[in-house]
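Enquirer: Below is one structure. I have some questions about it.
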Amino acid sequence: MKTDVVPLVAALVGALLPLATAQIAYCPAPYILIGGEACLYIPGGTYTWDGARDLCHTITVASPYSSHLAEIESCNVLSSLWNYIKYKLERPGNYWIGGSDSGSEGTWYWERTTQPDVPKGAPFWFTEEPDGDDLENHLVVATNGFFADGQGDQLYGVICQAII
Ligand SMILES: [Ca+2]
């Protein structure tokens, strides 16, 4: 009996694992799969945060995806993204993503959903970030690979995400 149970358990684990880890197998062009979980694209050029948001919205992708500033909620995606930017693209720098606390100081939300689901604290945010109070209300993946708050009129790179 025991010998029959082991393959059954293995089959069940194999069937459930993709659901548990939210793996994505395919991303619509020009997006690429980062960390096995997120479809991200990094256009060239630098933009204000508003300009970055508008740029992502103009990228046409196949249904059911749509394009937005990136919503990074996974440590795996953040570290994989930073390795991609630094070692593959070789373009380390500051990059806008889709978070803001412009509506309510200290409450960080995603611009697409207006939900306060932006991760808080370590290991996403760098030590003592966010530190800009009312002067810095938009979310940056900074040169050190961690979240920071930035002034929305600064010109930074852009990370877009294709989201279902
Ligand atoms: Ca702020």
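Convention: chains lettered A, B, ... in structure tokens order; per-chain residue numbering from 1; ligands numbered from 1 as shown.
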Please extract the residues at most 10 Å from ligand 1, counting only C-alpha atoms and all ligand atoms, and provide them as number ranges by chain, using the chain letters and residue numbers of this document.

Expert: A: 100-108, 130-139, 149-151

Enquirer: Write out as a ChimeraX atom specification each polymer residue whose atoms come within 7 Å of stretch 32-40 of chain A, counting only C-alpha atoms; drop sequence neighbours fewer than 3 positions from it.

Expert: /A:22-24,27,76-77,80-81,159-162

Enquirer: Check which residues of stretch 93-123 of chain A sit at most 9 Å from stretch 50-61 of chain A using only C-alpha atoms, and return one row each with the closest pair of atoms and their distance in Å to one decimal, ordered by chain and rising number, as JSON lines.

Expert:
{"residue": "A:Trp96", "atom": "CA", "partner": "A:Ala52", "partner_atom": "CA", "distance": 7.0}
{"residue": "A:Ile97", "atom": "CA", "partner": "A:Ala52", "partner_atom": "CA", "distance": 8.2}
{"residue": "A:Gly98", "atom": "CA", "partner": "A:Arg53", "partner_atom": "CA", "distance": 7.3}
{"residue": "A:Glu111", "atom": "CA", "partner": "A:Arg53", "partner_atom": "CA", "distance": 8.7}

Enquirer: Restricted to C-alpha atoms, what would the selected residues look like written as an mmCIF file, in the first residue's frame?

Expert:
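This went into again-v4.cif:
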data_model
loop_
_atom_site.group_PDB
_atom_site.id
_atom_site.type_symbol
_atom_site.label_atom_id
_atom_site.label_comp_id
_atom_site.auth_asym_id
_atom_site.auth_seq_id
_atom_site.Cartn_x
_atom_site.Cartn_y
_atom_site.Cartn_z
ATOM 1 C CA TRP A 96 9.796 54.587 -11.281
ATOM 2 C CA ILE A 97 7.245 51.927 -10.404
ATOM 3 C CA GLY A 98 3.522 52.252 -9.728
ATOM 4 C CA GLU A 111 -2.008 53.668 -8.950
#

Enquirer: Hey, which of A:Lys88, A:Gln154, A:Phe147, A:Ile163 ends up closest to A:Pro28? Count only C-alpha atoms.

Expert: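 Going through A:Lys88, A:Gln154, A:Phe147, A:Ile163 one by one, the smallest distance to A:Pro28 is for A:Ile163.
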
Enquirer: Can you list every residue in chain A that DSSP puts in strand (DSSP E), as JSON, numbers by chain?

Expert: {"A": [32, 33, 34, 38, 39, 40, 41, 66, 67, 68, 69, 95, 96, 97, 98, 99, 100, 109, 110, 138, 139, 140, 141, 147, 148, 149, 150, 157, 158, 160, 161, 162, 163]}

Enquirer: Would you export the selected residues with C-alpha atoms as a JSON list (two decimals), in the first residue's frame, please?

Expert:
[["chain", "number", "residue", "atom", "x", "y", "z"],
["A", 32, "ILE", "CA", 9.77, 39.37, -20.47],
["A", 33, "LEU", "CA", 9.31, 37.00, -17.55],
["A", 34, "ILE", "CA", 11.24, 38.09, -14.45],
["A", 38, "ALA", "CA", 6.07, 38.93, -13.35],
["A", 39, "CYS", "CA", 5.96, 40.22, -16.94],
["A", 40, "LEU", "CA", 8.15, 43.33, -16.90],
["A", 41, "TYR", "CA", 9.51, 45.70, -19.54],
["A", 66, "SER", "CA", -2.85, 45.49, -19.92],
["A", 67, "SER", "CA", 0.19, 47.73, -19.33],
["A", 68, "HIS", "CA", 0.87, 49.69, -16.15],
["A", 69, "LEU", "CA", 3.72, 50.90, -14.01],
["A", 95, "TYR", "CA", 13.41, 53.55, -11.82],
["A", 96, "TRP", "CA", 9.80, 54.59, -11.28],
["A", 97, "ILE", "CA", 7.25, 51.93, -10.40],
["A", 98, "GLY", "CA", 3.52, 52.25, -9.73],
["A", 99, "GLY", "CA", 3.33, 53.21, -6.05],
["A", 100, "SER", "CA", 2.34, 56.56, -4.57],
["A", 109, "TYR", "CA", -1.01, 52.47, -2.82],
["A", 110, "TRP", "CA", -0.76, 51.15, -6.39],
["A", 138, "HIS", "CA", 6.18, 58.37, -5.65],
["A", 139, "LEU", "CA", 7.81, 54.96, -5.56],
["A", 140, "VAL", "CA", 11.30, 54.32, -6.90],
["A", 141, "VAL", "CA", 13.35, 51.16, -7.25],
["A", 147, "PHE", "CA", 12.37, 50.84, -2.67],
["A", 148, "ALA", "CA", 12.65, 54.55, -1.90],
["A", 149, "ASP", "CA", 10.29, 57.51, -2.12],
["A", 150, "GLY", "CA", 11.06, 60.10, -4.78],
["A", 157, "GLY", "CA", 13.88, 55.24, -15.74],
["A", 158, "VAL", "CA", 10.61, 53.31, -16.05],
["A", 160, "CYS", "CA", 6.27, 48.70, -16.79],
["A", 161, "GLN", "CA", 4.35, 45.50, -16.08],
["A", 162, "ALA", "CA", 1.84, 43.54, -18.12],
["A", 163, "ILE", "CA", -0.93, 42.56, -15.72]]

Enquirer: Hey, which of A:Ile72, A:Tyr156, A:Tyr26, A:Thr143 ends up closest to A:Glu90? Count only C-alpha atoms.

Expert: A:Thr143

Enquirer: Report, in Å with one decimal, the straight-line distance from atom CA of A:Glu128 to atom CA of A:Leu89.

Expert: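 About the pair atom CA of A:Glu128 and atom CA of A:Leu89: they are 28.2 Å apart.
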
Enquirer: Select from stretch 69-164 of chain A everything DSSP, run on the backbone, classes as helix (DSSP H, G or I), then give the selection as a ChimeraX atom specification.

Expert: /A:75-89,133-135

Enquirer: Which residue gives the smallest distance to A:Ala70 among A:Asn94, A:Phe126, A:Gly145, A:Arg112, with only C-alpha atoms counted?

Expert: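 Smallest distance to A:Ala70 is found for A:Arg112.
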
Enquirer: With only C-alpha atoms as the basis for distance, which of A:Ala142, A:Gly44, A:Ser74, A:Pro92 is at the shortest distance from A:Lys120?

Expert: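 That would be A:Ser74, the residue with the smallest distance to A:Lys120.
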